[in-house]
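Dumped data29.txt below, it's compact mmCIF, C-alpha atoms:
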```txt
# COMPACT_ATOMS: atom_id res chain seq x y z
CA MET K 1 18.46 -43.30 -21.87
CA SER K 2 15.73 -40.65 -22.13
CA ASP K 3 14.74 -39.31 -25.51
CA PRO K 4 15.54 -35.54 -25.38
CA GLN K 5 12.27 -34.83 -27.17
CA THR K 6 10.27 -36.39 -24.33
CA VAL K 7 12.07 -34.62 -21.45
CA PRO K 8 9.82 -31.76 -20.22
CA VAL K 9 11.32 -28.30 -20.68
CA PRO K 10 11.14 -26.43 -17.34
CA GLY K 11 8.64 -23.61 -17.47
CA ARG K 12 7.25 -24.59 -20.87
CA ILE K 13 3.60 -24.55 -19.76
CA MET K 14 3.85 -21.27 -17.85
CA ALA K 15 5.63 -19.67 -20.83
CA ALA K 16 2.91 -20.83 -23.21
CA GLU K 17 0.15 -19.49 -20.98
CA MET K 18 1.86 -16.13 -20.55
CA ALA K 19 2.11 -15.92 -24.34
CA GLU K 20 -1.66 -16.50 -24.64
CA GLN K 21 -2.52 -13.32 -22.76
CA PRO K 22 -2.93 -10.93 -25.73
CA ALA K 23 -5.36 -13.39 -27.33
CA VAL K 24 -7.25 -13.81 -24.05
CA LEU K 25 -7.58 -10.05 -23.63
CA GLN K 26 -8.87 -9.73 -27.19
CA ARG K 27 -11.37 -12.55 -26.59
CA ILE K 28 -12.76 -10.75 -23.56
CA LEU K 29 -13.14 -7.51 -25.52
CA ASP K 30 -14.79 -9.27 -28.47
CA GLU K 31 -16.86 -12.00 -26.82
CA GLY K 32 -17.04 -11.25 -23.11
CA ALA K 33 -17.72 -7.51 -23.09
CA PRO K 34 -21.38 -7.71 -24.21
CA LYS K 35 -22.23 -10.18 -21.46
CA ILE K 36 -20.33 -8.12 -18.89
CA ARG K 37 -22.26 -4.99 -19.91
CA GLU K 38 -25.53 -6.90 -19.57
CA VAL K 39 -24.65 -8.12 -16.06
CA ALA K 40 -23.44 -4.65 -15.07
CA ALA K 41 -26.70 -3.05 -16.24
CA GLN K 42 -28.81 -5.47 -14.22
CA ILE K 43 -26.73 -4.85 -11.09
CA ALA K 44 -26.66 -1.06 -11.57
CA ALA K 45 -30.47 -1.04 -11.81
CA ARG K 46 -30.58 -2.38 -8.24
CA ALA K 47 -28.37 0.45 -6.94
CA PRO K 48 -26.15 -1.43 -4.45
CA ARG K 49 -25.18 0.61 -1.39
CA PHE K 50 -21.56 -0.55 -1.38
CA VAL K 51 -19.39 -3.43 -2.57
CA LEU K 52 -17.63 -6.30 -0.84
CA LEU K 53 -15.01 -8.40 -2.63
CA THR K 54 -14.15 -11.98 -1.73
CA ALA K 55 -11.13 -13.89 -3.04
CA ARG K 56 -7.96 -15.80 -2.20
CA GLY K 57 -4.41 -15.78 -3.57
CA THR K 58 -3.92 -14.33 -7.05
CA SER K 59 -7.63 -13.57 -7.31
CA ASP K 60 -7.37 -11.57 -4.08
CA ASN K 61 -4.94 -9.25 -5.85
CA ALA K 62 -7.40 -8.89 -8.72
CA ALA K 63 -10.10 -8.10 -6.16
CA LEU K 64 -7.89 -5.40 -4.63
CA TYR K 65 -7.55 -3.86 -8.09
CA ALA K 66 -11.34 -3.86 -8.36
CA LYS K 67 -11.53 -2.12 -4.98
CA TYR K 68 -9.48 0.77 -6.36
CA LEU K 69 -11.67 0.94 -9.48
CA ILE K 70 -14.90 0.93 -7.47
CA GLU K 71 -13.80 3.59 -5.02
CA ILE K 72 -12.17 5.86 -7.62
CA LEU K 73 -14.43 5.46 -10.66
CA LEU K 74 -17.75 4.65 -8.98
CA GLY K 75 -17.32 6.65 -5.80
CA LYS K 76 -18.71 3.77 -3.74
CA PRO K 77 -17.09 2.31 -0.63
CA ALA K 78 -15.58 -1.14 -1.19
CA GLY K 79 -13.93 -3.64 1.10
CA LEU K 80 -12.22 -7.03 1.06
CA THR K 81 -14.07 -9.62 3.12
CA SER K 82 -12.70 -11.94 5.79
CA MET K 83 -14.34 -15.23 4.88
CA SER K 84 -13.59 -16.86 8.22
CA THR K 85 -16.07 -14.51 9.92
CA THR K 86 -18.76 -16.47 8.09
CA THR K 87 -17.23 -19.91 7.56
CA ALA K 88 -15.46 -20.31 10.92
CA TYR K 89 -17.31 -17.92 13.25
CA GLY K 90 -20.79 -18.12 11.78
CA ALA K 91 -21.31 -14.36 11.63
CA LYS K 92 -24.51 -13.26 9.90
CA PRO K 93 -24.12 -9.66 8.72
CA ASP K 94 -27.01 -7.81 7.11
CA LEU K 95 -26.01 -7.56 3.44
CA THR K 96 -29.26 -6.20 2.06
CA ASP K 97 -28.56 -4.23 -1.14
CA VAL K 98 -24.82 -4.92 -0.93
CA LEU K 99 -22.98 -6.15 -4.02
CA VAL K 100 -20.72 -9.09 -3.15
CA ILE K 101 -18.24 -9.95 -5.90
CA THR K 102 -16.38 -13.25 -5.50
CA VAL K 103 -13.33 -13.68 -7.71
CA SER K 104 -11.84 -17.13 -8.30
CA GLN K 105 -10.06 -18.81 -11.19
CA SER K 106 -11.54 -22.26 -10.52
CA GLY K 107 -14.66 -21.34 -8.57
CA GLY K 108 -14.12 -24.48 -6.53
CA SER K 109 -12.77 -23.50 -3.11
CA PRO K 110 -15.27 -24.48 -0.41
CA ASP K 111 -14.87 -21.29 1.63
CA LEU K 112 -15.56 -19.10 -1.39
CA VAL K 113 -18.67 -21.10 -2.21
CA ALA K 114 -19.89 -21.16 1.40
CA SER K 115 -19.33 -17.45 2.03
CA THR K 116 -21.00 -16.48 -1.25
CA LYS K 117 -24.00 -18.70 -0.48
CA ALA K 118 -24.24 -17.13 2.98
CA ALA K 119 -24.00 -13.63 1.49
CA ARG K 120 -26.86 -14.35 -0.90
CA GLU K 121 -28.98 -15.68 1.95
CA ALA K 122 -28.16 -12.48 3.89
CA GLY K 123 -29.66 -10.32 1.13
CA ALA K 124 -26.62 -9.56 -1.00
CA ILE K 125 -26.50 -9.22 -4.76
CA THR K 126 -23.93 -11.89 -5.56
CA LEU K 127 -21.64 -11.96 -8.58
CA ALA K 128 -19.03 -14.63 -9.32
CA VAL K 129 -16.10 -13.80 -11.60
CA THR K 130 -14.45 -17.08 -12.60
CA ASN K 131 -12.73 -19.02 -15.37
CA ASN K 132 -15.25 -21.84 -14.99
CA ALA K 133 -18.90 -21.21 -15.80
CA ALA K 134 -19.83 -24.68 -14.49
CA SER K 135 -18.15 -24.19 -11.11
CA PRO K 136 -19.90 -24.52 -7.73
CA LEU K 137 -19.24 -20.80 -7.14
CA ALA K 138 -21.01 -19.82 -10.35
CA GLU K 139 -23.95 -22.04 -9.39
CA VAL K 140 -24.53 -20.42 -6.00
CA SER K 141 -24.17 -16.86 -7.30
CA GLU K 142 -27.00 -14.81 -8.75
CA PHE K 143 -24.78 -13.45 -11.53
CA HIS K 144 -21.67 -14.81 -13.21
CA ILE K 145 -18.93 -13.43 -15.47
CA ASP K 146 -16.70 -15.87 -17.35
CA VAL K 147 -13.18 -14.46 -17.85
CA LEU K 148 -12.71 -16.69 -20.91
CA ALA K 149 -9.04 -17.49 -20.27
CA GLY K 150 -9.31 -21.14 -21.30
CA PRO K 151 -7.76 -24.05 -19.36
CA GLU K 152 -4.78 -23.02 -17.23
CA LYS K 153 -2.42 -25.93 -16.51
CA ALA K 154 0.63 -24.26 -14.98
CA LEU K 155 0.34 -23.88 -11.22
CA PRO K 156 1.32 -20.18 -11.23
CA ALA K 157 -1.71 -18.26 -12.51
CA THR K 158 -0.84 -15.79 -15.26
CA LYS K 159 -3.46 -15.50 -18.00
CA THR K 160 -6.34 -15.88 -15.56
CA TYR K 161 -5.01 -12.96 -13.51
CA THR K 162 -4.89 -10.49 -16.39
CA ALA K 163 -8.24 -11.85 -17.62
CA GLU K 164 -9.77 -11.14 -14.20
CA LEU K 165 -8.35 -7.62 -14.23
CA LEU K 166 -9.84 -6.82 -17.62
CA ALA K 167 -13.20 -8.40 -16.78
CA LEU K 168 -13.39 -6.42 -13.52
CA TYR K 169 -12.46 -3.19 -15.30
CA LEU K 170 -15.21 -3.75 -17.87
CA LEU K 171 -17.66 -4.55 -15.08
CA VAL K 172 -16.94 -1.29 -13.27
CA GLU K 173 -17.15 0.60 -16.55
CA GLY K 174 -20.54 -1.02 -17.15
CA LEU K 175 -21.74 -0.10 -13.67
CA ARG K 176 -20.98 3.58 -14.33
CA GLY K 177 -22.23 3.58 -17.91
CA GLY K 178 -18.77 3.82 -19.48
CA ASP K 179 -17.70 2.24 -22.74
CA GLY K 180 -14.44 0.62 -21.55
CA GLY K 181 -12.56 2.43 -24.28
CA ALA K 182 -9.36 2.61 -22.23
CA ALA K 183 -8.92 -1.15 -22.75
CA LYS K 184 -9.20 -1.38 -26.52
CA GLU K 185 -5.46 -1.18 -27.23
CA LEU K 186 -4.42 -3.58 -24.47
CA PRO K 187 -4.09 -6.79 -26.53
CA GLY K 188 -1.59 -5.23 -28.94
CA LEU K 189 0.31 -3.46 -26.16
CA ALA K 190 0.48 -6.69 -24.15
CA ALA K 191 1.92 -8.53 -27.16
CA GLY K 192 4.60 -5.85 -27.45
CA VAL K 193 5.56 -6.15 -23.78
CA LEU K 194 5.75 -9.95 -23.88
CA ALA K 195 7.93 -9.81 -27.00
CA ARG K 196 10.67 -8.13 -24.93
CA LYS K 197 11.56 -11.31 -23.06
CA ALA K 198 15.30 -10.79 -23.63
CA GLU K 199 15.20 -7.61 -21.52
CA VAL K 200 13.59 -9.48 -18.64
CA LYS K 201 16.08 -12.34 -18.94
CA ALA K 202 18.91 -9.84 -18.44
CA LEU K 203 17.13 -8.43 -15.36
CA ALA K 204 16.70 -11.93 -13.96
CA GLU K 205 20.43 -12.30 -13.47
CA ARG K 206 20.22 -9.64 -10.73
CA TYR K 207 18.02 -11.89 -8.62
CA ARG K 208 19.44 -15.35 -9.22
CA PHE K 209 21.11 -15.41 -5.80
CA ALA K 210 18.83 -12.95 -4.00
CA GLN K 211 17.95 -13.80 -0.40
CA ARG K 212 14.93 -11.49 -0.24
CA LEU K 213 13.09 -8.88 -2.27
CA VAL K 214 11.02 -5.82 -1.46
CA ILE K 215 8.34 -4.82 -3.97
CA THR K 216 6.52 -1.53 -3.68
CA SER K 217 3.98 0.68 -5.44
CA ARG K 218 1.00 2.92 -4.75
CA GLY K 219 -2.51 3.36 -6.05
CA TYR K 220 -3.50 1.13 -8.94
CA GLY K 221 0.04 -0.29 -8.93
CA TYR K 222 -0.20 -1.73 -5.41
CA PRO K 223 -2.17 -4.84 -6.45
CA THR K 224 0.56 -5.40 -9.06
CA ALA K 225 3.20 -5.30 -6.32
CA ARG K 226 1.28 -7.90 -4.34
CA GLU K 227 0.77 -10.16 -7.33
CA ALA K 228 4.43 -9.85 -8.39
CA ALA K 229 5.54 -10.81 -4.88
CA LEU K 230 3.21 -13.81 -4.90
CA LYS K 231 4.48 -15.00 -8.29
CA LEU K 232 8.11 -14.66 -7.25
CA MET K 233 7.58 -16.45 -3.94
CA GLU K 234 5.61 -19.36 -5.33
CA THR K 235 8.02 -19.99 -8.23
CA THR K 236 11.49 -18.89 -7.08
CA TYR K 237 10.95 -19.45 -3.31
CA ILE K 238 12.66 -16.08 -2.65
CA PRO K 239 10.89 -14.25 0.20
CA ALA K 240 9.35 -11.22 -1.52
CA THR K 241 7.53 -8.67 0.61
CA PRO K 242 5.04 -6.28 -1.02
CA PHE K 243 4.46 -2.88 0.55
CA SER K 244 2.37 0.12 -0.29
CA GLY K 245 4.91 2.90 -0.64
CA ALA K 246 3.19 4.75 2.17
CA ASP K 247 3.50 1.74 4.48
CA LEU K 248 7.14 1.21 3.48
CA LEU K 249 7.99 4.64 4.92
CA HIS K 250 6.31 3.74 8.24
CA GLY K 251 9.14 1.55 9.52
CA PRO K 252 10.00 -1.23 7.02
CA LEU K 253 12.26 1.16 5.09
CA ALA K 254 14.80 0.51 7.84
CA MET K 255 15.48 -2.98 6.46
CA VAL K 256 16.51 -1.57 3.06
CA ASP K 257 20.24 -0.96 2.58
CA ASN K 258 22.68 -0.66 -0.31
CA VAL K 259 22.53 -4.38 -1.07
CA SER K 260 18.76 -4.74 -0.75
CA PRO K 261 17.01 -5.45 -4.05
CA VAL K 262 13.84 -3.37 -4.45
CA ILE K 263 11.39 -3.53 -7.34
CA ALA K 264 9.13 -0.48 -7.71
CA ILE K 265 6.07 -0.45 -9.93
CA VAL K 266 5.62 3.22 -10.81
CA PRO K 267 2.25 4.01 -12.41
CA ASP K 268 2.09 6.81 -14.96
CA GLY K 269 -0.31 9.07 -13.10
CA LYS K 270 -1.36 9.92 -9.56
CA GLY K 271 -0.06 6.64 -8.10
CA GLY K 272 3.40 7.33 -9.49
CA GLU K 273 3.32 10.87 -8.20
CA ALA K 274 2.43 9.59 -4.72
CA LEU K 275 5.28 7.07 -4.91
CA GLN K 276 7.94 9.63 -5.82
CA PRO K 277 9.00 10.49 -2.23
CA VAL K 278 9.46 6.76 -1.59
CA LEU K 279 11.69 6.40 -4.65
CA ASP K 280 13.74 9.36 -3.48
CA ARG K 281 14.21 7.78 -0.04
CA LEU K 282 15.17 4.44 -1.57
CA ARG K 283 17.78 6.06 -3.77
CA GLY K 284 19.06 7.97 -0.74
CA ARG K 285 19.61 4.67 1.05
CA GLY K 286 21.53 3.30 -1.92
CA ALA K 287 19.01 0.55 -2.63
CA ASP K 288 19.39 -1.63 -5.72
CA LEU K 289 16.27 -0.16 -7.29
CA VAL K 290 14.65 -1.68 -10.37
CA VAL K 291 11.65 0.18 -11.80
CA VAL K 292 8.76 -1.05 -13.89
CA GLY K 293 7.23 2.11 -15.32
CA GLN K 294 7.88 4.94 -17.74
CA GLN K 295 11.26 5.37 -19.41
CA ALA K 296 12.25 8.42 -17.37
CA GLN K 297 11.69 6.52 -14.12
CA VAL K 298 13.67 3.54 -15.43
CA ASP K 299 16.56 5.86 -16.42
CA ALA K 300 16.69 7.22 -12.86
CA ALA K 301 16.89 3.73 -11.32
CA SER K 302 19.59 1.05 -11.24
CA ALA K 303 17.73 -0.82 -14.01
CA GLY K 304 14.20 -1.52 -15.09
CA PHE K 305 11.59 -2.22 -17.72
CA ALA K 306 9.89 0.63 -19.56
CA LEU K 307 6.17 0.31 -20.20
CA PRO K 308 4.22 1.81 -23.11
CA ALA K 309 3.37 5.50 -22.68
CA GLY K 310 -0.06 7.04 -22.89
CA VAL K 311 -2.02 4.18 -21.29
CA PRO K 312 -4.80 5.32 -18.88
CA GLU K 313 -3.71 4.67 -15.31
CA GLU K 314 -6.74 2.53 -14.43
CA VAL K 315 -5.77 -0.17 -16.94
CA GLN K 316 -1.98 0.01 -16.56
CA PRO K 317 -1.95 -2.93 -14.07
CA ILE K 318 -2.88 -5.28 -16.92
CA LEU K 319 0.45 -4.39 -18.59
CA GLU K 320 2.53 -3.83 -15.42
CA ILE K 321 2.30 -7.43 -14.30
CA LEU K 322 3.50 -8.93 -17.61
CA PRO K 323 7.26 -8.24 -17.25
CA LEU K 324 7.02 -9.37 -13.62
CA GLN K 325 5.43 -12.68 -14.63
CA LEU K 326 8.29 -13.11 -17.09
CA LEU K 327 10.76 -12.20 -14.34
CA ALA K 328 9.39 -14.88 -12.00
CA HIS K 329 9.67 -17.43 -14.82
CA GLU K 330 13.24 -16.48 -15.76
CA VAL K 331 14.58 -16.23 -12.20
CA THR K 332 13.11 -19.63 -11.36
CA ILE K 333 14.80 -21.26 -14.33
CA ALA K 334 18.09 -19.49 -13.54
CA ARG K 335 17.91 -21.00 -10.06
CA GLY K 336 17.52 -24.50 -11.52
CA GLN K 337 13.83 -24.92 -10.65
CA ASP K 338 10.70 -25.57 -12.70
CA PRO K 339 8.09 -22.77 -12.59
CA ASP K 340 5.45 -25.16 -13.96
CA ALA K 341 5.52 -27.24 -10.78
CA PRO K 342 6.28 -25.26 -7.62
CA ARG K 343 6.59 -27.47 -4.57
CA ALA K 344 3.66 -27.83 -2.19
CA LEU K 345 1.14 -26.12 -4.49
CA ALA K 346 -2.12 -27.38 -5.96
CA LYS K 347 -4.14 -25.76 -8.75
CA VAL K 348 -7.31 -25.62 -6.66
CA THR K 349 -6.67 -24.68 -3.02
CA GLU K 350 -9.54 -25.99 -0.91
CA THR K 351 -9.58 -23.77 2.16
CA ARG K 352 -12.56 -23.72 4.50
```

Write-out of the structure in structure tokens:
Amino acid sequence: MSDPQTVPVPGRIMAAEMAEQPAVLQRILDEGAPKIREVAAQIAARAPRFVLLTARGTSDNAALYAKYLIEILLGKPAGLTSMSTTTAYGAKPDLTDVLVITVSQSGGSPDLVASTKAAREAGAITLAVTNNAASPLAEVSEFHIDVLAGPEKALPATKTYTAELLALYLLVEGLRGGDGGAAKELPGLAAGVLARKAEVKALAERYRFAQRLVITSRGYGYPTAREAALKLMETTYIPATPFSGADLLHGPLAMVDNVSPVIAIVPDGKGGEALQPVLDRLRGRGADLVVVGQQAQVDAASAGFALPAGVPEEVQPILEILPLQLLAHEVTIARGQDPDAPRALAKVTETR
């Protein structure tokens, strides 16, 4: 007979790593920020023409967040790369004076390493943002930023995602000569959000038997929608489709009815304002609408999770994702599964 003390508790590792996030954010602000500013100053001195971002999976959602930051705060064009153009098709674009940022938790995927190496050979300024300073990706890149999240053992990435977001925000702030002041309160605010686990557990009951989910947002919140969908799919196995609110109105809204569960991430700012017509349409269709956003938006929905007020919109994604990570954890456990060990997943995905 098994000793109860030796039987693994489902989701224990993921829960512990989610709980580490306030400390990780504080570590980046205290220890990582000076190095990030130094790297940003060296890159800014070379005046890159535009920025390309390379990533997979969770890190791809962090890269999309960086794209918004770069285009809005820096006023530079930014794009997400298609690595297969280099690794599979052998394309050789001219990347002279282009900043290529590769984001990866492990820094070990062969296609990330190969495409970054090729970009450097093509004249790019290459920067790796990883949780592993000794990784192959860091070695082939001209510059490196360590997100300082510490070892991550659960297969669903949580603390490395928010660490990447904060590191990328501080990088963009450094590139434009800002002080990153919008981030200083994040560790305490994150601790407050994570302490409200009971609220998320109550929300999780809505999705225990869900057959599908639609997740939507706009602006800075759209990467959060994508990351929330990824977390829910890889842990709960519920098909979760993320849409920009603008794209949702261009056809997919037809699949939403009065029994369709929809989660809307509503930023406090221009992204939320742009999403408002979508929320109105969803309510008009009788959707089961849960909102992650400000209290007034939550009150107007079927249910939701209110976020702290007064946080600058560009750093809200670091808080928005926290209740959705908790939701993925709680729904998975309610469905009798273990979020620490999703089927068919590996910690380092070696695509080529």

Residue with smallest distance to Pro77 (chain K) - pool K:Pro48, K:Pro308, K:Pro151, K:Pro317, counting all atoms listed in the file: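 Looking only at the distances to Pro77 (chain K), the closest residue turns out to be K:Pro48.
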
Top pick for closest residue to Glu164 (chain K), considering K:Leu99, K:Ala55, K:Leu80, K:Leu74 and counting all atoms listed in the file: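 The closest residue to Glu164 (chain K) is K:Ala55.
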
Exercise: Tyr220 (chain K) partners within 7 Å, all atoms listed in the file, chain neighbours under 3 positions left out, as number ranges by chain: K: 65, 68, 223, 271, 314, 317

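Residue nearest Asp179 (chain K), chosen from K:Ala40, K:Leu148, K:Ala134, K:Leu289 and counting all atoms listed in the file: K:Ala40.
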
Selection near Ala19 (chain K), 12 Å with all atoms listed in the file, sequence-local residues under 6 positions removed, as a PyMOL selection string: chain K and resi 12-13+25+149+158-159+162+187+190-197+322-323+325-326

Nearest-residue call for Gly107 (chain K), choices K:Lys92, K:Arg285, K:His250, K:Arg56, using all atoms listed in the file: K:Arg56

Which of K:Gly245, K:Pro239, K:Gly286, K:Gly150 sits closest to Gln21 (chain K) [using all atoms listed in the file]: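 Nearest to Gln21 (chain K): K:Gly150.
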
Proximity to Pro22 (chain K) - best of K:Ala334, K:Val266, K:Val214, K:Ala163, all atoms listed in the file: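 When distances to Pro22 (chain K) are compared using all atoms listed in the file, the smallest one comes from K:Ala163.
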
Contacts of Val292 (chain K) within 8 Å, all atoms listed in the file, excl. fewer than 3 positions in-chain, as a ChimeraX atom specification: /K:263-266,298,304-307,320

Shell around His144 (chain K) at 6 Å using all atoms listed in the file, local window under 6 positions removed, as a PyMOL selection string: chain K and resi 127-129+138

Residues within 9 Å of Ala157 (chain K), all atoms listed in the file, excluding chain neighbours under 4 positions, as a list in words: Met14, Glu17, Thr58, Gln105, Glu152, Lys153, Tyr161, Lys231 and Lys347 of chain K

Please check which residues have atoms at most 12 Å from (-21.4, -5.1, -18.7) in the file's coordinates, counting all atoms listed in the file, and write them as a PDB file with C-alpha atoms, keeping the file's coordinate frame.
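Output file part.pdb follows:
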```pdb
ATOM      1  CA  ILE K  28     -12.760 -10.750 -23.560  1.00  0.00           C
ATOM      2  CA  LEU K  29     -13.140  -7.510 -25.520  1.00  0.00           C
ATOM      3  CA  GLU K  31     -16.860 -12.000 -26.820  1.00  0.00           C
ATOM      4  CA  GLY K  32     -17.040 -11.250 -23.110  1.00  0.00           C
ATOM      5  CA  ALA K  33     -17.720  -7.510 -23.090  1.00  0.00           C
ATOM      6  CA  PRO K  34     -21.380  -7.710 -24.210  1.00  0.00           C
ATOM      7  CA  LYS K  35     -22.230 -10.180 -21.460  1.00  0.00           C
ATOM      8  CA  ILE K  36     -20.330  -8.120 -18.890  1.00  0.00           C
ATOM      9  CA  ARG K  37     -22.260  -4.990 -19.910  1.00  0.00           C
ATOM     10  CA  GLU K  38     -25.530  -6.900 -19.570  1.00  0.00           C
ATOM     11  CA  VAL K  39     -24.650  -8.120 -16.060  1.00  0.00           C
ATOM     12  CA  ALA K  40     -23.440  -4.650 -15.070  1.00  0.00           C
ATOM     13  CA  ALA K  41     -26.700  -3.050 -16.240  1.00  0.00           C
ATOM     14  CA  GLN K  42     -28.810  -5.470 -14.220  1.00  0.00           C
ATOM     15  CA  ILE K  43     -26.730  -4.850 -11.090  1.00  0.00           C
ATOM     16  CA  ALA K  44     -26.660  -1.060 -11.570  1.00  0.00           C
ATOM     17  CA  PHE K 143     -24.780 -13.450 -11.530  1.00  0.00           C
ATOM     18  CA  HIS K 144     -21.670 -14.810 -13.210  1.00  0.00           C
ATOM     19  CA  ILE K 145     -18.930 -13.430 -15.470  1.00  0.00           C
ATOM     20  CA  ASP K 146     -16.700 -15.870 -17.350  1.00  0.00           C
ATOM     21  CA  LEU K 166      -9.840  -6.820 -17.620  1.00  0.00           C
ATOM     22  CA  ALA K 167     -13.200  -8.400 -16.780  1.00  0.00           C
ATOM     23  CA  LEU K 168     -13.390  -6.420 -13.520  1.00  0.00           C
ATOM     24  CA  TYR K 169     -12.460  -3.190 -15.300  1.00  0.00           C
ATOM     25  CA  LEU K 170     -15.210  -3.750 -17.870  1.00  0.00           C
ATOM     26  CA  LEU K 171     -17.660  -4.550 -15.080  1.00  0.00           C
ATOM     27  CA  VAL K 172     -16.940  -1.290 -13.270  1.00  0.00           C
ATOM     28  CA  GLU K 173     -17.150   0.600 -16.550  1.00  0.00           C
ATOM     29  CA  GLY K 174     -20.540  -1.020 -17.150  1.00  0.00           C
ATOM     30  CA  LEU K 175     -21.740  -0.100 -13.670  1.00  0.00           C
ATOM     31  CA  ARG K 176     -20.980   3.580 -14.330  1.00  0.00           C
ATOM     32  CA  GLY K 177     -22.230   3.580 -17.910  1.00  0.00           C
ATOM     33  CA  GLY K 178     -18.770   3.820 -19.480  1.00  0.00           C
ATOM     34  CA  ASP K 179     -17.700   2.240 -22.740  1.00  0.00           C
ATOM     35  CA  GLY K 180     -14.440   0.620 -21.550  1.00  0.00           C
TER      36      GLY K 180
END
```

Point-to-point distance from CA of Arg283 (chain K) to CA of Ala204 (chain K), Å rounded to tenths: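 Taking CA of Arg283 (chain K) as the start and CA of Ala204 (chain K) as the end point, the length is 20.7 Å.
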
Once 8 Å is added on each side, what are the centre and the three edge lengths, in Å to one decimal, of the axis-aligned box enclosing the listed atoms of region 162-165 of chain K? Present them as lines of an AutoDock Vina configuration file.
```
center_x = -7.3
center_y = -9.7
center_z = -15.9
size_x = 20.9
size_y = 20.2
size_z = 19.4
```

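Picture a line from CA of Met18 (chain K) to CA of Val200 (chain K); it runs 13.6 Å.
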
Answer as a ChimeraX atom specification, residues within 6 Å of (-11.8, -5.1, -1.9) using all atoms listed in the file: /K:53,63-64,67,78-80

Kindly write region 311-315 of chain K with all heavy atoms to a file, as a tab-separated table (two decimals), in the first residue's frame.
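Listing of part10.tsv after writing:
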```
chain	number	residue	atom	x	y	z
K	311	VAL	N	-2.71	50.37	-13.34
K	311	VAL	CA	-1.46	49.80	-13.87
K	311	VAL	C	-1.30	50.25	-15.33
K	311	VAL	O	-2.23	50.11	-16.12
K	311	VAL	CB	-1.49	48.26	-13.79
K	311	VAL	CG1	-0.22	47.67	-14.39
K	311	VAL	CG2	-1.69	47.81	-12.35
K	312	PRO	N	-0.15	50.78	-15.73
K	312	PRO	CA	0.04	51.19	-17.13
K	312	PRO	C	-0.25	50.03	-18.09
K	312	PRO	O	0.14	48.89	-17.83
K	312	PRO	CB	1.51	51.61	-17.17
K	312	PRO	CG	1.81	52.05	-15.78
K	312	PRO	CD	1.02	51.12	-14.90
K	313	GLU	N	-0.91	50.35	-19.19
K	313	GLU	CA	-1.40	49.30	-20.08
K	313	GLU	C	-0.27	48.42	-20.62
K	313	GLU	O	-0.45	47.22	-20.80
K	313	GLU	CB	-2.17	49.92	-21.25
K	313	GLU	CG	-2.84	48.89	-22.14
K	313	GLU	CD	-3.71	49.50	-23.23
K	313	GLU	OE1	-3.78	50.75	-23.32
K	313	GLU	OE2	-4.30	48.74	-24.01
K	314	GLU	N	0.92	49.02	-20.85
K	314	GLU	CA	2.00	48.24	-21.46
K	314	GLU	C	2.54	47.13	-20.56
K	314	GLU	O	3.20	46.22	-21.06
K	314	GLU	CB	3.13	49.15	-21.93
K	314	GLU	CG	3.80	49.94	-20.83
K	314	GLU	CD	3.21	51.32	-20.65
K	314	GLU	OE1	2.02	51.51	-20.99
K	314	GLU	OE2	3.93	52.22	-20.18
K	315	VAL	N	2.29	47.19	-19.26
K	315	VAL	CA	2.76	46.10	-18.39
K	315	VAL	C	1.60	45.28	-17.82
K	315	VAL	O	1.84	44.32	-17.08
K	315	VAL	CB	3.66	46.62	-17.24
K	315	VAL	CG1	4.94	47.21	-17.81
K	315	VAL	CG2	2.93	47.62	-16.36
```
